[in-house]
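So this one's work.txt, compact mmCIF, C-alpha atoms:
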# COMPACT_ATOMS: atom_id res chain seq x y z
CA MET A 1 0.00 0.00 0.00
CA PHE A 2 1.98 3.03 1.23
CA LEU A 3 5.04 0.90 1.90
CA GLN A 4 8.03 1.89 -0.15
CA ARG A 5 10.91 -0.57 -0.01
CA ARG A 6 14.36 0.88 -0.15
CA LYS A 7 17.79 -0.45 0.58
CA ILE A 8 19.50 0.28 3.86
CA SER A 9 22.68 2.27 3.35
CA PHE A 10 25.75 0.36 2.24
CA SER A 11 27.79 1.91 5.04
CA ILE A 12 25.53 0.50 7.76
CA ALA A 13 25.37 -2.92 6.13
CA THR A 14 29.14 -2.96 5.89
CA LEU A 15 29.45 -1.87 9.51
CA LEU A 16 27.20 -4.65 10.77
CA VAL A 17 29.02 -7.31 8.77
CA PHE A 18 32.63 -6.39 9.33
CA ILE A 19 33.02 -4.56 12.60
CA VAL A 20 32.82 -7.74 14.71
CA PRO A 21 35.94 -9.91 14.90
CA CYS A 22 36.01 -12.25 11.93
CA ASN A 23 39.08 -14.38 12.52
CA LYS A 24 37.79 -17.90 11.94
CA GLN A 25 40.08 -19.27 14.64
CA SER A 26 38.96 -16.82 17.33
CA PHE A 27 35.27 -17.40 17.93
CA ALA A 28 32.40 -19.82 18.05
CA ALA A 29 29.05 -18.17 17.42
CA HIS A 30 26.07 -18.76 19.68
CA THR A 31 22.69 -17.70 18.25
CA ASP A 32 19.40 -17.20 20.05
CA ILE A 33 16.30 -16.93 17.88
CA ALA A 34 13.02 -15.80 19.41
CA GLY A 35 9.74 -14.74 17.91
CA ILE A 36 6.07 -14.06 18.29
CA LEU A 37 2.95 -14.61 16.18
CA ASP A 38 0.11 -12.33 17.27
CA PHE A 39 -3.36 -12.97 15.77
CA ARG A 40 -6.18 -10.57 16.62
CA LEU A 41 -9.92 -10.18 16.24
CA HIS A 42 -10.75 -6.48 16.60
CA THR A 43 -13.72 -4.19 16.38
CA THR A 44 -13.46 -0.40 16.30
CA GLN A 45 -16.12 2.26 16.75
CA GLY A 46 -14.90 5.63 15.56
CA ILE A 47 -13.35 6.90 12.34
CA GLU A 48 -10.86 5.47 9.89
CA SER A 49 -7.33 4.86 11.17
CA TYR A 50 -4.37 7.21 10.90
CA LEU A 51 -2.68 4.34 9.00
CA SER A 52 -5.31 4.85 6.29
CA GLY A 53 -4.44 8.55 6.09
CA SER A 54 -7.46 9.59 8.13
CA TRP A 55 -8.02 11.05 11.62
CA GLY A 56 -8.70 7.89 13.67
CA LYS A 57 -6.60 7.29 16.79
CA PHE A 58 -6.45 3.49 16.60
CA ARG A 59 -4.42 1.13 14.47
CA TYR A 60 -7.49 -0.47 12.88
CA ASP A 61 -10.17 1.07 10.69
CA ASN A 62 -13.77 1.45 11.79
CA GLY A 63 -15.54 -1.93 11.83
CA THR A 64 -14.59 -5.53 12.62
CA GLY A 65 -11.71 -7.55 11.22
CA ILE A 66 -9.03 -10.18 11.75
CA SER A 67 -5.35 -9.36 11.47
CA LEU A 68 -1.85 -10.68 11.92
CA ALA A 69 -0.83 -7.90 14.27
CA GLN A 70 2.79 -8.96 14.66
CA ALA A 71 5.07 -11.65 13.30
CA THR A 72 8.49 -11.03 14.81
CA LEU A 73 11.83 -12.72 14.32
CA ASP A 74 14.43 -11.63 16.86
CA ILE A 75 17.95 -12.93 16.13
CA ASN A 76 20.80 -12.38 18.58
CA THR A 77 24.24 -13.83 17.81
CA ASP A 78 27.12 -13.77 20.31
CA TRP A 79 30.29 -13.87 18.21
CA THR A 80 32.72 -13.60 21.10
CA GLU A 81 32.55 -12.99 24.82
CA HIS A 82 32.10 -9.28 24.14
CA TRP A 83 30.73 -8.82 20.59
CA SER A 84 27.22 -9.62 19.34
CA THR A 85 24.77 -8.67 16.58
CA HIS A 86 21.03 -8.19 16.93
CA TRP A 87 18.35 -8.16 14.21
CA VAL A 88 14.60 -7.66 14.60
CA LEU A 89 12.24 -8.31 11.66
CA ASN A 90 8.54 -7.53 11.90
CA GLY A 91 5.71 -8.60 9.62
CA TYR A 92 2.00 -7.75 9.80
CA TYR A 93 -1.18 -8.06 7.77
CA GLN A 94 -4.38 -6.05 8.18
CA GLU A 95 -6.87 -4.26 5.97
CA ASN A 96 -5.16 -0.88 5.82
CA THR A 97 -1.53 -2.00 5.66
CA GLN A 98 0.66 -5.07 5.27
CA GLY A 99 4.34 -5.74 4.91
CA LEU A 100 7.59 -7.10 6.27
CA GLY A 101 10.49 -4.95 7.34
CA LEU A 102 13.49 -4.38 9.55
CA ASN A 103 12.81 -2.77 12.92
CA GLU A 104 16.28 -2.90 14.41
CA GLY A 105 19.73 -4.07 13.35
CA TYR A 106 22.85 -3.29 15.36
CA ILE A 107 26.11 -4.55 16.76
CA ARG A 108 26.92 -4.53 20.46
CA TYR A 109 30.05 -4.59 22.58
CA ILE A 110 29.80 -5.30 26.33
CA SER A 111 32.87 -5.13 28.54
CA LEU A 112 33.50 -7.16 31.65
CA PRO A 113 32.90 -5.16 34.85
CA THR A 114 35.92 -3.53 36.43
CA GLU A 115 36.81 -3.98 40.09
CA ASN A 116 34.53 -1.09 41.08
CA GLY A 117 31.66 -2.50 38.97
CA LEU A 118 31.90 -0.26 35.89
CA ARG A 119 30.52 -1.98 32.79
CA THR A 120 30.56 -0.35 29.33
CA THR A 121 28.10 -1.16 26.54
CA PHE A 122 28.47 0.14 22.98
CA ASN A 123 25.82 -0.16 20.23
CA ALA A 124 26.00 0.86 16.56
CA GLY A 125 23.28 0.57 13.93
CA ILE A 126 19.51 0.97 13.66
CA HIS A 127 17.75 0.95 17.00
CA TYR A 128 15.15 2.53 19.25
CA PRO A 129 16.32 5.25 21.62
CA ASN A 130 16.47 4.17 25.24
CA ILE A 131 13.19 5.76 26.36
CA SER A 132 10.44 3.19 26.98
CA MET A 133 9.87 1.95 30.53
CA ASN A 134 7.62 -0.97 29.57
CA ASN A 135 8.10 -1.97 25.91
CA GLN A 136 10.78 -4.49 26.80
CA GLY A 137 9.38 -7.68 25.21
CA ILE A 138 10.35 -9.52 22.04
CA GLY A 139 10.17 -7.17 19.06
CA TRP A 140 9.69 -4.13 21.36
CA GLN A 141 6.41 -5.59 22.57
CA SER A 142 4.56 -4.44 25.69
CA PRO A 143 4.22 -7.45 28.04
CA GLN A 144 1.17 -5.99 29.80
CA THR A 145 -1.13 -4.72 27.01
CA LEU A 146 -1.83 -5.21 23.32
CA SER A 147 -1.89 -1.47 22.57
CA PHE A 148 1.00 0.74 23.60
CA SER A 149 0.79 3.93 25.60
CA ALA A 150 0.48 7.18 23.63
CA ILE A 151 4.19 7.85 24.26
CA ASN A 152 5.28 4.44 23.00
CA SER A 153 2.80 4.53 20.11
CA TRP A 154 4.52 7.71 18.90
CA ILE A 155 7.99 6.26 19.41
CA GLY A 156 6.97 3.14 17.47
CA SER A 157 5.67 5.30 14.64
CA GLU A 158 8.54 7.72 14.07
CA VAL A 159 11.26 7.85 16.75
CA ARG A 160 14.12 5.61 15.62
CA HIS A 161 17.49 6.30 14.03
CA ILE A 162 20.88 5.16 12.80
CA GLY A 163 23.42 5.89 15.47
CA PHE A 164 25.92 5.00 18.13
CA SER A 165 25.31 4.70 21.85
CA ILE A 166 27.55 4.23 24.85
CA ASP A 167 26.23 3.26 28.29
CA LEU A 168 28.24 3.33 31.50
CA GLU A 169 26.74 1.27 34.30
CA TRP A 170 28.04 1.01 37.85
CA LEU A 171 26.91 -2.33 39.31
CA GLY A 172 26.17 -2.19 43.02
CA LYS A 173 27.09 -5.80 43.82
CA PHE A 174 30.76 -4.98 43.25
CA ARG A 175 30.51 -2.26 45.93
CA ASN A 176 28.21 -4.15 48.31
CA GLN A 177 25.38 -1.79 47.40
CA PRO A 178 21.76 -2.80 46.56
CA TYR A 179 21.48 -0.31 43.67
CA ASP A 180 22.94 0.24 40.19
CA TRP A 181 23.18 3.51 38.34
CA GLY A 182 24.19 4.49 34.85
CA LEU A 183 24.72 7.20 32.26
CA GLY A 184 24.16 6.94 28.53
CA LEU A 185 24.75 8.97 25.37
CA GLU A 186 23.31 8.33 21.90
CA ILE A 187 24.57 10.10 18.77
CA PHE A 188 22.41 9.66 15.66
CA ASN A 189 20.92 10.85 12.37
CA HIS A 190 18.27 9.61 9.85
CA ASN A 191 15.32 11.03 11.75
CA ASP A 192 14.90 14.58 10.46
CA THR A 193 11.15 14.26 9.79
CA THR A 194 10.39 13.10 13.34
CA GLY A 195 7.48 15.25 14.52
CA ALA A 196 5.33 15.18 11.37
CA VAL A 197 3.14 12.27 12.52
CA LEU A 198 2.66 13.78 15.97
CA ALA A 199 1.85 17.25 14.61
CA TRP A 200 -0.59 16.30 11.88
CA HIS A 201 -2.14 13.07 13.17
CA GLY A 202 -1.82 13.85 16.87
CA TRP A 203 -1.35 11.30 19.63
CA ASN A 204 -2.51 7.71 18.97
CA ILE A 205 -3.05 4.47 20.88
CA SER A 206 -1.60 1.74 18.68
CA SER A 207 0.72 -1.25 18.50
CA TYR A 208 2.04 -0.48 15.02
CA GLN A 209 5.79 -0.08 14.53
CA THR A 210 6.88 1.53 11.27
CA PRO A 211 9.44 -0.71 9.52
CA TRP A 212 12.69 0.99 8.67
CA GLN A 213 12.28 3.51 5.83
CA ASP A 214 8.59 2.81 5.25
CA SER A 215 6.11 5.67 5.25
CA ILE A 216 2.94 6.76 7.05
CA PRO A 217 0.22 8.51 4.97
CA LEU A 218 -0.66 12.04 6.02
CA PRO A 219 -4.26 13.15 6.65
CA PRO A 220 -6.00 15.52 4.24
CA MET A 221 -5.00 19.11 5.00
CA GLN A 222 -5.86 22.42 3.36
CA THR A 223 -2.20 23.43 3.50
CA ARG A 224 -1.30 20.62 1.07
CA ALA A 225 -3.73 21.75 -1.64
CA PRO A 226 -2.30 23.10 -4.94
CA GLY A 227 -1.05 26.64 -4.48
CA GLU A 228 -0.91 26.34 -0.68
CA ILE A 229 2.15 26.53 1.52
CA LEU A 230 2.70 22.75 1.73
CA GLU A 231 1.76 21.79 -1.83
CA ASN A 232 5.19 20.15 -2.28
CA GLN A 233 4.84 17.97 0.83
CA ALA A 234 4.89 14.25 -0.02
CA PRO A 235 1.54 12.47 0.65
CA ALA A 236 3.27 10.16 3.14
CA THR A 237 5.98 10.99 5.65
CA ASP A 238 9.18 8.92 5.89
CA PRO A 239 10.03 9.03 9.62
CA PHE A 240 13.65 7.97 9.09
CA LYS A 241 14.72 10.45 6.42
CA GLU A 242 18.09 12.22 6.56
CA ILE A 243 17.79 15.74 5.13
CA ASP A 244 20.36 18.11 6.65
CA TYR A 245 23.13 15.66 7.70
CA ARG A 246 23.32 17.11 11.20
CA VAL A 247 23.86 14.83 14.18
CA GLY A 248 21.38 14.61 17.05
CA TYR A 249 21.93 13.48 20.63
CA HIS A 250 20.14 11.80 23.52
CA PHE A 251 21.34 11.86 27.15
CA ILE A 252 20.04 9.26 29.64
CA GLY A 253 20.49 8.77 33.37
CA GLN A 254 19.22 5.70 35.25
CA TRP A 255 18.99 4.34 38.79
CA LYS A 256 17.89 0.83 39.74
CA TYR A 257 17.28 -0.59 43.20
CA LYS A 258 17.54 -4.39 43.08
CA LYS A 259 14.72 -5.50 40.74
CA ASN A 260 12.11 -3.46 42.54
CA TYR A 261 12.57 0.14 41.41
CA HIS A 262 13.82 1.81 38.24
CA VAL A 263 14.08 5.54 37.51
CA LYS A 264 15.02 6.94 34.09
CA LEU A 265 15.55 10.53 32.92
CA GLY A 266 16.60 11.72 29.46
CA HIS A 267 16.70 14.54 26.93
CA TYR A 268 16.44 14.00 23.15
CA ASP A 269 17.24 16.52 20.39
CA ASN A 270 17.47 15.64 16.68
CA ARG A 271 19.00 19.10 15.93
CA ALA A 272 17.37 19.22 12.48
CA LEU A 273 17.41 22.46 10.49
CA PRO A 274 13.65 23.12 10.18
CA TYR A 275 13.79 25.14 6.96
CA ILE A 276 15.37 22.42 4.78
CA VAL A 277 13.15 20.47 2.36
CA LYS A 278 14.20 17.65 0.03
CA TYR A 279 12.18 15.26 -2.13
CA GLY A 280 8.91 16.42 -0.61
CA HIS A 281 10.06 15.97 2.99
CA TYR A 282 10.63 18.83 5.44
CA ALA A 283 13.08 18.69 8.31
CA TRP A 284 11.50 19.05 11.77
CA HIS A 285 13.53 20.23 14.75
CA THR A 286 12.15 17.97 17.48
CA ARG A 287 13.37 17.81 21.05
CA PHE A 288 11.85 16.47 24.25
CA THR A 289 12.53 15.46 27.83
CA HIS A 290 11.29 12.21 29.36
CA VAL A 291 11.12 10.84 32.88
CA GLY A 292 9.91 7.43 34.04
CA PHE A 293 9.46 5.34 37.15
CA GLN A 294 8.87 1.58 37.43
CA SER A 295 8.05 -0.22 40.65
CA ARG A 296 7.62 -3.89 41.57
CA PRO A 297 6.68 -3.70 45.26
CA SER A 298 5.74 -7.38 45.33
CA ARG A 299 5.67 -10.39 43.01
CA HIS A 300 2.02 -9.61 42.22
CA TRP A 301 2.09 -5.88 41.51
CA GLN A 302 3.85 -3.69 38.97
CA TRP A 303 3.49 0.05 38.37
CA VAL A 304 4.85 2.18 35.53
CA LEU A 305 4.64 5.96 35.38
CA GLN A 306 6.14 7.92 32.49
CA ALA A 307 5.90 11.46 31.14
CA LEU A 308 7.31 13.16 28.03
CA TRP A 309 7.18 16.80 26.94
CA GLY A 310 8.86 18.83 24.23
CA ASP A 311 8.45 20.87 21.05
CA THR A 312 8.74 20.53 17.29
CA LEU A 313 9.32 23.18 14.62
CA MET A 314 9.01 23.08 10.83
CA GLN A 315 9.59 26.21 8.74
CA SER A 316 9.40 27.29 5.12
CA PRO A 317 12.65 27.72 3.14
CA GLN A 318 12.20 31.45 3.87
CA ARG A 319 12.42 30.56 7.58
CA PHE A 320 8.99 31.51 8.85
CA ASP A 321 7.09 29.06 11.05
CA VAL A 322 4.72 26.66 9.31
CA VAL A 323 4.30 24.27 12.28
CA ASN A 324 5.41 25.28 15.77
CA ASN A 325 4.01 22.96 18.43
CA THR A 326 4.64 22.01 22.00
CA PHE A 327 3.46 18.56 23.09
CA SER A 328 3.18 16.41 26.19
CA SER A 329 1.88 13.04 27.32
CA ALA A 330 1.93 10.91 30.45
CA PHE A 331 0.57 7.55 31.51
CA LEU A 332 0.12 5.42 34.60
CA LEU A 333 0.03 1.64 34.17
CA GLY A 334 -0.82 -0.82 36.91
CA SER A 335 -0.62 -4.63 36.61
CA TYR A 336 -1.60 -7.42 38.99
CA ARG A 337 -0.48 -11.03 38.49
CA TRP A 338 -2.53 -13.87 39.94
CA LEU A 339 -1.57 -17.45 39.06
CA LYS A 340 -1.62 -17.53 35.22
CA HIS A 341 -3.61 -14.30 34.94
CA LEU A 342 -2.29 -10.78 34.43
CA PHE A 343 -4.72 -7.87 34.81
CA SER A 344 -3.59 -4.43 33.61
CA ALA A 345 -5.09 -0.96 33.38
CA ARG A 346 -3.57 2.21 31.95
CA LEU A 347 -4.58 5.86 31.84
CA ASP A 348 -3.00 8.16 29.23
CA ILE A 349 -3.33 11.92 28.97
CA PHE A 350 -1.97 13.95 26.05
CA ASP A 351 -1.84 17.47 24.65
CA VAL A 352 -0.55 19.45 21.65
CA ASP A 353 -0.36 23.26 21.69
CA ASP A 354 -0.18 24.94 18.27
CA ARG A 355 1.85 28.18 18.46
CA ASP A 356 1.98 29.15 14.78
CA ASN A 357 -0.52 31.11 12.67
CA THR A 358 -0.67 28.89 9.58
CA PHE A 359 -4.18 29.07 8.13
CA GLY A 360 -6.07 25.75 7.97
CA ASP A 361 -3.47 23.93 10.07
CA ASN A 362 -4.67 24.08 13.66
CA ASN A 363 -2.79 21.26 15.42
CA ASN A 364 -4.16 21.89 18.93
CA GLU A 365 -5.24 18.71 20.69
CA GLN A 366 -6.26 17.57 24.17
CA GLY A 367 -7.39 14.14 25.23
CA TYR A 368 -7.15 11.03 27.35
CA ALA A 369 -7.23 7.27 26.80
CA VAL A 370 -8.17 4.29 28.97
CA THR A 371 -6.89 0.74 28.38
CA ILE A 372 -8.02 -2.37 30.28
CA ASN A 373 -6.41 -5.74 29.54
CA SER A 374 -6.88 -9.28 30.83
CA GLN A 375 -4.19 -11.80 29.91
CA TYR A 376 -4.07 -15.56 30.48
CA ARG A 377 -0.96 -17.65 29.96
CA PHE A 378 -1.87 -21.17 28.83
CA SER A 379 1.79 -22.17 28.68
CA LYS A 380 5.20 -20.69 28.03
CA GLN A 381 4.31 -20.51 24.34
CA TRP A 382 0.63 -19.47 24.32
CA ARG A 383 -1.10 -16.37 25.70
CA PHE A 384 -4.64 -15.09 25.38
CA HIS A 385 -5.62 -11.39 25.68
CA ILE A 386 -8.85 -9.49 25.74
CA GLU A 387 -8.50 -5.70 25.74
CA TYR A 388 -10.71 -2.64 25.72
CA ASN A 389 -9.51 0.81 24.59
CA HIS A 390 -11.28 4.16 24.81
CA ILE A 391 -10.00 7.50 23.51
CA SER A 392 -11.62 10.91 23.94
CA SER A 393 -9.92 13.76 22.08
CA LYS A 394 -10.53 17.32 20.93
CA LYS A 395 -8.80 18.34 17.70
CA PRO A 396 -10.20 21.50 15.99
CA VAL A 397 -8.78 20.81 12.51
CA ARG A 398 -10.77 17.58 12.39
CA GLU A 399 -14.06 19.51 12.23
CA ILE A 400 -13.31 20.52 8.63
CA TYR A 401 -13.22 16.87 7.52
CA THR A 402 -15.42 14.93 9.96
CA GLY A 403 -17.75 17.65 11.24
CA LYS A 404 -16.61 17.07 14.84
CA ILE A 405 -13.99 18.67 17.03
CA LYS A 406 -14.50 16.10 19.78
CA GLU A 407 -14.41 12.37 19.06
CA ARG A 408 -14.95 9.38 21.33
CA GLU A 409 -13.50 6.17 19.89
CA ASN A 410 -13.74 2.64 21.29
CA GLN A 411 -11.97 -0.59 20.42
CA TRP A 412 -12.09 -4.23 21.51
CA GLN A 413 -9.32 -6.70 20.75
CA ILE A 414 -9.01 -10.44 21.31
CA ALA A 415 -5.55 -11.87 20.70
CA PHE A 416 -3.88 -15.27 20.61
CA GLN A 417 -0.10 -14.98 20.86
CA TYR A 418 2.41 -17.73 20.19
CA PHE A 419 5.99 -17.30 21.43
CA PHE A 420 8.93 -19.42 20.32
CA GLU A 421 12.67 -19.54 20.93
CA HIS A 422 15.61 -21.66 19.87
CA SER A 423 19.32 -21.61 20.61
CA PHE A 424 22.18 -23.24 18.75
CA ASN A 425 25.96 -23.09 18.66
CA ASN A 426 28.21 -23.01 15.64
CA ASP A 427 31.70 -24.11 16.68
CA LYS A 428 32.74 -25.08 13.15
CA TYR A 429 35.71 -22.74 13.17
CA ARG A 430 36.83 -23.23 16.74
Could you write out this structure as structure tokens?
Amino acid sequence: MFLQRRKISFSIATLLVFIVPCNKQSFAAHTDIAGILDFRLHTTQGIESYLSGSWGKFRYDNGTGISLAQATLDINTDWTEHWSTHWVLNGYYQENTQGLGLNEGYIRYISLPTENGLRTTFNAGIHYPNISMNNQGIGWQSPQTLSFSAINSWIGSEVRHIGFSIDLEWLGKFRNQPYDWGLGLEIFNHNDTTGAVLAWHGWNISSYQTPWQDSIPLPPMQTRAPGEILENQAPATDPFKEIDYRVGYHFIGQWKYKKNYHVKLGHYDNRALPYIVKYGHYAWHTRFTHVGFQSRPSRHWQWVLQALWGDTLMQSPQRFDVVNNTFSSAFLLGSYRWLKHLFSARLDIFDVDDRDNTFGDNNNEQGYAVTINSQYRFSKQWRFHIEYNHISSKKPVREIYTGKIKERENQWQIAFQYFFEHSFNNDKYR
């Protein structure tokens, strides 16, 4: 449909293949393969999905359908004691989109801890920034719910990059302390259009992850009509486009107490020049701060609280503001485990404040979302979910196309998930 297959840059492919030690006498590879097949029955009451180029907040179009929501292959190969490679492929099939693509692909170096517990981790390649507090499952899946939070739905849509990261972690057990703490830095590019989906579609509740260098269709807008200010804008945005060749950064600080508490704080800035446009894609200067807290006070309960706020700017080549927005979102997720059951509930709130004066492009938005999920684990391989989602949002620009500023959308999902894993060694060259 709107998927446009393109080759990943030769430089990255070369990096992933050759940077690890390749002396045939020096290593024996160990590979872990894991995956998930996620089949869903879903019914949506609202308007057509943002993935169809409309104004809906959910992944699925209005009505009832069956989909392959996620087919993930996660391949991790340890080449030596320190070096490994990691690939994540995702496939999906539903009415408004289908495809197979690369989500992540990177190399990793992990050092042995020093005497004072300092451990260094280095990543290079295509990967998610270290932001999410709860999307830690196979293929960046949320273990608690089928649909992601508004924050993670946005990250899954358009916040990824090619880059390098270094993490310094001080492990408490080497200092007879019950806590670990760490600092991280990510340097990246290939994300200059990050902000377009959030500005023009607004916040969503979804489980869709845009495959690398695929596109998301934009909604109808007066500003894209012939003769208007954005007439040269491509009909779909490529979230991973490199336009100005400037490098962005992301700082992270973390603190962990045993396995019970985790605090994370970070600041992200893609440093894009907002007045550059190439091939129908505008650069967006997007920056934000995020803070999160995770608690496991007992073996039954888990709590996750996360907030994110920032701004995004896109200008004309003459350097006057076309889109100038601030945005924010926060969620609270609570989960209770009882025998083979996991019950979860999440509340999201979100907001966009439009600060420019572009006619016909009012991006203001306020809203909230409620998610309730019941999960049953039949076995290690099979899980069953039933989930309800509700979104209430006010978005003035939507009135031009749907006749309503305020929309209330509801969704039910029933999912059967199959997990698999396999490990094997290759000591042919040892």
Problem - Spatial neighbours of Ser329 (chain A), 9 Å, all atoms listed in the file, chain gap at least 3 places, as a list in words - result: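 Near Ser329 (chain A), the qualifying residues are Ala150, Ile151, Trp203, Gln306, Ala307, Leu308, Trp309, Asp348, Ile349, Phe350, Asp351 and Val352 of chain A.
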Practice task
Go through A:Phe288, A:Phe58, A:Trp200, A:Phe240 one by one, measure the shortest atom-to-atom distance of each to Asn362 (chain A) using all atoms listed in the file, and give the residue with the smallest value.
Solution key: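 Closest candidate: A:Trp200.
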Problem - Close residues, His201 (chain A) itself excluded, 10 Å, all atoms listed in the file, min 2 positions apart in chain, as a list in words - result: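 The neighbour list is Ser49, Tyr50, Leu51, Gly53, Ser54, Trp55, Gly56, Lys57, Gly195, Ala196, Val197, Leu198, Ala199, Trp203, Asn204, Pro217, Leu218, Pro219, Asn363, Glu365, Lys395 and Arg398 of chain A.
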Exercise for the section: Tell me, as a ChimeraX atom specification, which residues lie within 10 Å of region 176-184 of chain A, counting all atoms listed in the file; anything in the same chain fewer than 2 positions away does not count. Expected result: /A:117-122,130,165-174,186,250-266
Write out, as a Markdown table, each residue of region 306-356 of chain A that has an atom at most 10 Å from region 383-392 of chain A, together with the closest pair of atoms and their distance in Å to one decimal, counting only C-alpha atoms, rows going by chain and rising number.
| residue | atom | partner | partner_atom | distance |
| --- | --- | --- | --- | --- |
| A:Lys340 | CA | A:Arg383 | CA | 9.6 |
| A:His341 | CA | A:Phe384 | CA | 9.6 |
| A:Leu342 | CA | A:His385 | CA | 9.4 |
| A:Phe343 | CA | A:His385 | CA | 9.8 |
| A:Ser344 | CA | A:Glu387 | CA | 9.4 |
| A:Ala345 | CA | A:Glu387 | CA | 9.6 |
| A:Arg346 | CA | A:Asn389 | CA | 9.6 |
| A:Leu347 | CA | A:His390 | CA | 9.9 |
| A:Asp348 | CA | A:Ile391 | CA | 9.1 |
| A:Ile349 | CA | A:Ile391 | CA | 9.7 |
Problem - Point-to-point distance from CA of Met314 (chain A) to CA of Ser52 (chain A), Å rounded to tenths - result: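 Result for CA of Met314 (chain A) versus CA of Ser52 (chain A): 23.6 Å, one decimal.
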Completion exercise
Across A:Gln233, A:Gln213, A:Gln315, A:Asn425, the smallest distance to His190 (chain A), with all atoms listed in the file counted, is shown by A:Gln213
Practice task
For Thr44 (chain A), work out the shell of residues within 10 Å, counting only C-alpha atoms and skipping chain neighbours fewer than 2 positions away, then give it as a count of residues only.
Solution key: 21
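When CA of Tyr418 (chain A) is paired with CA of Ile33 (chain A), their separation reads 14.1 Å.
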Taking every listed atom of region 287-293 of chain A and adding 5 Å to each side, what centre and edge lengths in Å (one decimal) does the axis-aligned box have, as AutoDock Vina command-line options?
--center_x 11.4 --center_y 11.6 --center_z 29.1 --size_x 13.9 --size_y 22.5 --size_z 26.1
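Minimum atom-to-atom distances from A:Arg296, A:His86, A:Lys380, A:Arg175 to Phe420 (chain A) were compared using only C-alpha atoms, and the lowest value belongs to A:Lys380.
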